[in-house]
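Source file: model.cif; contents: mmCIF, C-alpha atoms.
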data_protein
#
loop_
_atom_site.label_atom_id
_atom_site.label_comp_id
_atom_site.auth_asym_id
_atom_site.auth_seq_id
_atom_site.Cartn_x
_atom_site.Cartn_y
_atom_site.Cartn_z
CA MET A 44 110.82 144.13 83.40
CA ALA A 45 113.51 141.51 82.81
CA ARG A 46 115.06 141.70 79.38
CA LYS A 47 115.10 138.87 76.88
CA PRO A 48 118.56 137.47 76.14
CA LYS A 49 119.17 138.35 72.50
CA GLN A 50 122.95 138.35 72.28
CA GLN A 51 125.13 135.29 72.68
CA ARG A 52 126.69 136.63 75.87
CA SER A 53 123.25 137.26 77.36
CA LYS A 54 122.14 133.74 76.50
CA ALA A 55 125.25 132.36 78.15
CA THR A 56 124.44 134.34 81.29
CA VAL A 57 120.88 133.02 81.34
CA ASP A 58 122.18 129.48 80.91
CA ALA A 59 124.56 130.02 83.82
CA ILE A 60 121.73 131.32 86.00
CA VAL A 61 119.44 128.40 85.14
CA GLN A 62 122.24 125.90 85.77
CA ALA A 63 123.01 127.57 89.09
CA ALA A 64 119.33 127.35 90.01
CA LEU A 65 119.26 123.63 89.22
CA ILE A 66 122.31 123.06 91.41
CA SER A 67 120.74 125.09 94.22
CA ILE A 68 117.44 123.23 93.94
CA ALA A 69 119.28 119.90 94.00
CA SER A 70 121.19 120.91 97.12
CA HIS A 71 118.58 122.77 99.15
CA GLY A 72 115.16 122.31 97.58
CA PRO A 73 113.18 125.04 95.81
CA SER A 74 111.72 126.60 98.94
CA ALA A 75 115.10 127.06 100.66
CA ILE A 76 117.15 128.64 97.90
CA THR A 77 117.74 132.37 97.59
CA ALA A 78 118.51 134.72 94.74
CA ARG A 79 121.89 135.41 96.34
CA GLN A 80 122.78 131.70 96.32
CA ILE A 81 121.88 131.44 92.65
CA ALA A 82 123.82 134.57 91.74
CA GLU A 83 126.94 133.37 93.58
CA LYS A 84 126.86 129.98 91.84
CA ALA A 85 126.33 131.72 88.48
CA GLY A 86 129.28 134.03 89.17
CA ILE A 87 127.29 137.25 88.85
CA GLY A 88 125.88 139.91 91.15
CA VAL A 89 122.33 139.78 92.43
CA GLY A 90 121.56 142.95 90.51
CA SER A 91 122.62 141.28 87.26
CA LEU A 92 120.34 138.38 88.07
CA TYR A 93 117.31 140.66 87.93
CA GLU A 94 118.29 141.98 84.53
CA TYR A 95 117.19 138.61 83.14
CA PHE A 96 114.55 137.36 85.60
CA GLU A 97 111.87 139.25 87.48
CA ASP A 98 112.19 137.22 90.69
CA LYS A 99 113.29 133.91 92.19
CA ASP A 100 110.07 132.19 91.11
CA ALA A 101 110.80 133.06 87.49
CA ILE A 102 114.23 131.47 87.81
CA ILE A 103 112.78 128.30 89.35
CA ASP A 104 110.23 128.22 86.54
CA ALA A 105 113.02 128.39 83.95
CA ALA A 106 115.00 125.69 85.75
CA SER A 107 111.96 123.40 85.88
CA LYS A 108 111.35 123.89 82.17
CA ARG A 109 115.02 123.12 81.46
CA PHE A 110 114.70 119.84 83.34
CA VAL A 111 111.58 118.94 81.35
CA SER A 112 113.13 119.97 78.03
CA ASP A 113 116.24 117.88 78.64
CA THR A 114 114.07 114.89 79.60
CA VAL A 115 112.12 115.21 76.36
CA ASP A 116 115.40 115.49 74.45
CA LEU A 117 116.43 112.20 76.03
CA ILE A 118 113.24 110.36 75.07
CA LYS A 119 112.59 111.45 71.48
CA PRO A 120 115.86 110.21 69.88
CA LEU A 121 115.28 106.80 71.46
CA ILE A 122 111.87 106.27 69.86
CA PRO A 123 113.03 104.87 66.46
CA GLU A 124 115.11 102.23 68.26
CA LEU A 125 112.63 101.38 71.00
CA VAL A 126 109.68 100.75 68.68
CA ARG A 127 111.62 97.96 66.97
CA LEU A 128 112.36 96.07 70.18
CA ASP A 129 110.12 93.63 71.99
CA ILE A 130 108.37 94.97 75.08
CA ARG A 131 110.88 93.67 77.62
CA GLU A 132 113.87 95.04 75.71
CA ALA A 133 112.15 98.38 75.08
CA ILE A 134 111.27 98.85 78.77
CA GLU A 135 114.80 97.92 79.84
CA LYS A 136 116.41 100.29 77.34
CA LEU A 137 114.12 103.18 78.32
CA LEU A 138 114.54 102.69 82.08
CA PHE A 139 118.32 102.38 81.89
CA SER A 140 118.55 105.46 79.67
CA PHE A 141 116.41 107.41 82.15
CA ARG A 142 118.58 106.19 85.03
CA ASP A 143 121.78 107.29 83.29
CA PHE A 144 120.23 110.68 82.52
CA LEU A 145 119.25 111.24 86.14
CA GLU A 146 122.68 110.25 87.43
CA GLU A 147 124.69 112.53 85.13
CA ASN A 148 126.55 115.50 86.61
CA ASN A 149 126.74 114.11 90.13
CA GLN A 150 123.05 113.11 90.07
CA LEU A 151 121.97 116.69 89.44
CA TYR A 152 118.63 115.84 87.85
CA LEU A 153 117.95 112.98 90.25
CA ARG A 154 118.35 115.33 93.21
CA CYS A 155 116.09 117.86 91.49
CA ALA A 156 113.54 115.14 90.74
CA ARG A 157 113.34 114.23 94.43
CA HIS A 158 112.18 117.76 95.18
CA ALA A 159 109.88 117.78 92.16
CA PHE A 160 107.46 115.43 93.89
CA SER A 161 106.97 118.03 96.62
CA MET A 162 106.40 120.79 94.06
CA ASP A 163 103.42 121.45 91.83
CA MET A 164 105.13 119.79 88.89
CA VAL A 165 101.90 118.92 87.09
CA ILE A 166 102.09 122.20 85.21
CA TYR A 167 105.50 121.18 83.82
CA GLN A 168 104.97 117.47 83.21
CA SER A 169 102.87 117.70 80.05
CA PRO A 170 105.79 117.72 77.53
CA ILE A 171 107.29 114.62 79.15
CA ASN A 172 103.94 112.83 79.09
CA SER A 173 103.47 113.85 75.45
CA ALA A 174 106.89 112.46 74.48
CA LEU A 175 106.17 109.17 76.25
CA MET A 176 102.72 108.99 74.67
CA GLU A 177 104.35 109.52 71.28
CA LEU A 178 106.63 106.57 72.07
CA PHE A 179 103.63 104.49 73.14
CA THR A 180 101.68 105.40 70.00
CA GLN A 181 104.63 104.71 67.69
CA TYR A 182 105.16 101.38 69.40
CA LEU A 183 101.54 100.39 68.74
CA MET A 184 101.92 101.38 65.08
CA HIS A 185 104.94 99.09 64.74
CA HIS A 186 103.17 96.28 66.60
CA PRO A 187 99.55 96.47 65.37
CA GLU A 188 98.62 93.24 67.15
CA LEU A 189 98.75 95.25 70.38
CA LEU A 190 95.82 97.36 69.24
CA LYS A 191 93.62 94.55 70.57
CA LEU A 192 94.53 95.65 74.11
CA PRO A 193 91.63 97.05 76.15
CA ASN A 194 92.02 100.37 77.95
CA ILE A 195 95.16 101.39 76.09
CA PRO A 196 95.15 104.99 77.45
CA THR A 197 94.87 103.66 81.02
CA VAL A 198 97.75 101.23 80.52
CA ALA A 199 99.87 104.05 79.07
CA TYR A 200 99.02 106.37 81.95
CA PHE A 201 99.86 103.73 84.55
CA TYR A 202 103.24 102.83 83.08
CA ILE A 203 104.30 106.36 82.24
CA ASN A 204 103.61 107.78 85.68
CA GLY A 205 104.44 104.63 87.59
CA GLY A 206 107.72 104.21 85.74
CA ILE A 207 108.92 107.75 86.43
CA PHE A 208 108.08 107.56 90.12
CA THR A 209 109.57 104.07 90.56
CA VAL A 210 112.89 104.96 88.96
CA VAL A 211 113.29 108.16 90.98
CA ARG A 212 112.28 106.41 94.20
CA HIS A 213 114.65 103.49 93.64
CA LEU A 214 117.64 105.67 92.76
CA SER A 215 116.98 107.84 95.82
CA GLU A 216 117.27 104.92 98.25
CA ASP A 217 120.65 104.44 99.92
CA ASN A 218 120.43 100.66 100.06
CA PRO A 219 117.60 99.38 97.86
CA ILE A 220 116.67 95.76 98.49
CA GLN A 221 116.75 95.02 94.76
CA SER A 222 119.12 96.03 92.01
CA PHE A 223 118.08 98.38 89.23
CA GLU A 224 118.56 95.50 86.80
CA GLU A 225 116.02 93.41 88.74
CA LEU A 226 113.62 96.32 88.85
CA ALA A 227 113.83 96.90 85.09
CA THR A 228 113.34 93.18 84.41
CA VAL A 229 110.25 92.94 86.60
CA PHE A 230 108.78 96.09 85.10
CA GLY A 231 109.22 94.70 81.60
CA ASP A 232 107.98 91.24 82.55
CA ILE A 233 104.79 92.57 84.13
CA LEU A 234 103.89 94.68 81.11
CA ALA A 235 104.80 91.95 78.63
CA SER A 236 102.81 89.32 80.55
CA TYR A 237 99.80 91.62 80.78
CA VAL A 238 99.95 92.43 77.07
CA GLU A 239 100.41 88.81 76.00
CA LYS A 240 97.48 87.66 78.14
CA LYS A 241 95.11 90.41 76.99
CA VAL A 242 96.00 89.97 73.30
CA GLU A 243 95.45 86.22 73.63
CA LEU A 244 92.04 86.73 75.25
CA ALA A 245 91.08 89.26 72.58
CA GLY A 246 91.81 86.53 70.06
#
Could you spell out this file's structure in structure tokens?
Amino acid sequence: MARKPKQQRSKATVDAIVQAALISIASHGPSAITARQIAEKAGIGVGSLYEYFEDKDAIIDAASKRFVSDTVDLIKPLIPELVRLDIREAIEKLLFSFRDFLEENNQLYLRCARHAFSMDMVIYQSPINSALMELFTQYLMHHPELLKLPNIPTVAYFYINGGIFTVVRHLSEDNPIQSFEELATVFGDILASYVEKKVELAG
């Protein structure tokens, strides 16, 4: 059984292995990577790898959870600022922050995210959805007039999942026909127009 990293040096080794797995996934996809590739990138022997993880799947699991955890850590600190902005500004700020996050470290997380759509990522996505739902809920609390909206959970679901997919898809294109700025503006305009119309009708 793989041991749990209790000492600082062990934790550093685990971090190196997880980082190496993320790099390997970004370069080759989860199905094509090997334990040897991960070990070489982490600067350790394959035998040492199995002191911390039972198999390759366990390493991929840890790497996927790291991606999700870092995404949540991006979203939560933004919430106090975003809830005080109007819808268009909030959408723009969130989308640009997500773009910058995905493009860090030579687009490491963007390249991982491309492969995520071919993986069974549903089992990992819950913390991200929860963080975005927290943002959505906090936004409603700061803008109580929006509570008149019908089908609030459906609107949240559509924009959360649609937004993630759209950003990843756009950044993955070599020559997108529209700029990211235009995309963010349209995304914000559509939501704001929908909200304004529905609130007006709700009277």
From the set A:Ala59, A:Ile207, A:Val238, A:Ala106, which residue has the shortest atom-to-atom contact distance to Tyr167 (chain A), counting only C-alpha atoms?
->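 When distances to Tyr167 (chain A) are compared using only C-alpha atoms, the smallest one comes from A:Ala106.
From CA of Ala69 (chain A) back to CA of Ser91 (chain A), the distance works out to 22.7 Å.
Of the listed residues (A:Ile122, A:Val115, A:Ile220, A:Ile68), A:Ile122 comes nearest to Tyr182 (chain A); the distances count only C-alpha atoms.
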Best match for closeness to His186 (chain A) among A:Val57, A:Leu125, A:Ala63, A:Leu137, counting all atoms listed in the file = A:Leu125
Is it possible to get the axis-aligned box enclosing region 176-185 of chain A (all listed atoms, 5 Å extra per side) as lines of an AutoDock Vina configuration file, with centre and edge lengths in Å rounded to one decimal?
center_x = 104.1
center_y = 104.3
center_z = 69.7
size_x = 15.1
size_y = 20.4
size_z = 19.9
Computed interatomic separation between CA of Tyr95 (chain A) and CA of Asp116 (chain A) (Å) | 24.8 Å
Given only C-alpha atoms as the counted atoms, nearest of A:Thr56, A:Ala174, A:Gly206, A:Lys241 to Asn194 (chain A) |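 For Asn194 (chain A), the nearest of the given residues is A:Lys241.
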For Lys84 (chain A), list every protein, DNA or RNA residue within 12 Å, evaluated using all atoms listed in the file, and leave out those in the same chain fewer than 2 positions away; present the list as a ChimeraX atom specification.
-> /A:56,58-68,70,76-82,86-89,92
For Leu178 (chain A), which residue among A:Glu83, A:Glu124, A:Glu243, A:Asp104 is the nearest when counting only C-alpha atoms?
-> A:Glu124
Please provide the set of residues having any atom within 9 Å of Arg154 (chain A), restricted to all atoms listed in the file, with same-chain residues fewer than 2 positions apart removed, written as a ChimeraX atom specification.
-> /A:66,68-70,72,145-146,150-152,156-159,215
Which neighbours of Leu244 (chain A) fall inside 10 Å, counting only C-alpha atoms, when residues of the same chain fewer than 4 positions from it are skipped, and could you give them as an NGL selection string?
-> :A and (191-192 or 238-240)
From the block you just saw, export region 72-107 of chain A: N, CA and C atoms, as a CSV table (one decimal), in the first residue's frame.
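decode.csv written:
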chain,number,residue,atom,x,y,z
A,72,GLY,N,-2.0,13.4,-23.1
A,72,GLY,CA,-3.3,12.9,-22.8
A,72,GLY,C,-3.2,11.8,-21.8
A,73,PRO,N,-4.3,11.6,-20.9
A,73,PRO,CA,-4.2,10.6,-19.8
A,73,PRO,C,-4.0,9.2,-20.2
A,74,SER,N,-4.6,8.8,-21.4
A,74,SER,CA,-4.5,7.4,-21.8
A,74,SER,C,-3.1,7.0,-22.3
A,75,ALA,N,-2.3,8.0,-22.7
A,75,ALA,CA,-1.0,7.7,-23.4
A,75,ALA,C,0.2,7.8,-22.4
A,76,ILE,N,0.0,8.4,-21.3
A,76,ILE,CA,1.1,8.5,-20.4
A,76,ILE,C,1.5,7.2,-19.7
A,77,THR,N,2.7,7.2,-19.2
A,77,THR,CA,3.2,6.0,-18.5
A,77,THR,C,3.8,6.4,-17.2
A,78,ALA,N,3.9,5.4,-16.3
A,78,ALA,CA,4.5,5.7,-15.0
A,78,ALA,C,5.9,6.1,-15.1
A,79,ARG,N,6.6,5.5,-16.1
A,79,ARG,CA,8.0,5.9,-16.4
A,79,ARG,C,8.1,7.4,-16.8
A,80,GLN,N,7.2,7.8,-17.7
A,80,GLN,CA,7.3,9.2,-18.1
A,80,GLN,C,7.1,10.1,-16.9
A,81,ILE,N,6.1,9.8,-16.0
A,81,ILE,CA,5.9,10.7,-14.9
A,81,ILE,C,7.1,10.7,-13.9
A,82,ALA,N,7.7,9.5,-13.7
A,82,ALA,CA,8.8,9.4,-12.8
A,82,ALA,C,10.0,10.2,-13.3
A,83,GLU,N,10.2,10.1,-14.6
A,83,GLU,CA,11.4,10.9,-15.2
A,83,GLU,C,11.2,12.4,-15.1
A,84,LYS,N,9.9,12.8,-15.3
A,84,LYS,CA,9.7,14.3,-15.2
A,84,LYS,C,9.8,14.7,-13.7
A,85,ALA,N,9.4,13.8,-12.8
A,85,ALA,CA,9.5,14.2,-11.4
A,85,ALA,C,10.9,14.0,-10.8
A,86,GLY,N,11.8,13.4,-11.6
A,86,GLY,CA,13.2,13.3,-11.2
A,86,GLY,C,13.4,12.2,-10.2
A,87,ILE,N,12.6,11.1,-10.2
A,87,ILE,CA,12.7,10.0,-9.3
A,87,ILE,C,12.6,8.7,-10.1
A,88,GLY,N,12.9,7.6,-9.4
A,88,GLY,CA,12.8,6.3,-10.0
A,88,GLY,C,11.4,5.8,-10.0
A,89,VAL,N,11.1,4.9,-10.9
A,89,VAL,CA,9.7,4.3,-10.9
A,89,VAL,C,9.4,3.7,-9.6
A,90,GLY,N,10.3,3.0,-9.0
A,90,GLY,CA,10.1,2.4,-7.7
A,90,GLY,C,9.7,3.3,-6.7
A,91,SER,N,10.3,4.5,-6.7
A,91,SER,CA,10.0,5.6,-5.7
A,91,SER,C,8.5,6.1,-5.9
A,92,LEU,N,8.1,6.1,-7.2
A,92,LEU,CA,6.8,6.5,-7.5
A,92,LEU,C,5.7,5.7,-6.8
A,93,TYR,N,6.0,4.4,-6.7
A,93,TYR,CA,5.0,3.5,-6.1
A,93,TYR,C,5.1,3.5,-4.6
A,94,GLU,N,6.0,4.2,-4.0
A,94,GLU,CA,6.0,4.4,-2.6
A,94,GLU,C,4.9,5.3,-2.2
A,95,TYR,N,4.4,6.2,-3.1
A,95,TYR,CA,3.4,7.2,-2.8
A,95,TYR,C,2.1,6.9,-3.5
A,96,PHE,N,2.1,6.2,-4.6
A,96,PHE,CA,0.8,6.0,-5.3
A,96,PHE,C,0.8,4.5,-5.7
A,97,GLU,N,-0.4,3.9,-5.6
A,97,GLU,CA,-0.6,2.5,-5.9
A,97,GLU,C,-0.4,2.2,-7.4
A,98,ASP,N,-0.8,3.1,-8.3
A,98,ASP,CA,-0.7,2.8,-9.7
A,98,ASP,C,-0.9,4.1,-10.5
A,99,LYS,N,-0.8,4.1,-11.8
A,99,LYS,CA,-0.9,5.3,-12.6
A,99,LYS,C,-2.3,5.9,-12.4
A,100,ASP,N,-3.3,5.2,-12.3
A,100,ASP,CA,-4.6,5.7,-12.2
A,100,ASP,C,-4.7,6.6,-10.9
A,101,ALA,N,-4.1,6.2,-9.9
A,101,ALA,CA,-4.1,6.9,-8.6
A,101,ALA,C,-3.4,8.3,-8.8
A,102,ILE,N,-2.3,8.3,-9.6
A,102,ILE,CA,-1.6,9.5,-9.9
A,102,ILE,C,-2.5,10.5,-10.7
A,103,ILE,N,-3.1,9.9,-11.8
A,103,ILE,CA,-4.0,10.7,-12.6
A,103,ILE,C,-5.2,11.3,-11.7
A,104,ASP,N,-5.7,10.5,-10.8
A,104,ASP,CA,-6.7,11.0,-9.9
A,104,ASP,C,-6.2,12.1,-9.1
A,105,ALA,N,-5.0,12.1,-8.6
A,105,ALA,CA,-4.5,13.1,-7.8
A,105,ALA,C,-4.2,14.4,-8.6
A,106,ALA,N,-3.8,14.2,-9.8
A,106,ALA,CA,-3.6,15.3,-10.7
A,106,ALA,C,-4.9,16.0,-11.1
A,107,SER,N,-5.9,15.2,-11.3
A,107,SER,CA,-7.2,15.8,-11.6
A,107,SER,C,-7.8,16.6,-10.5
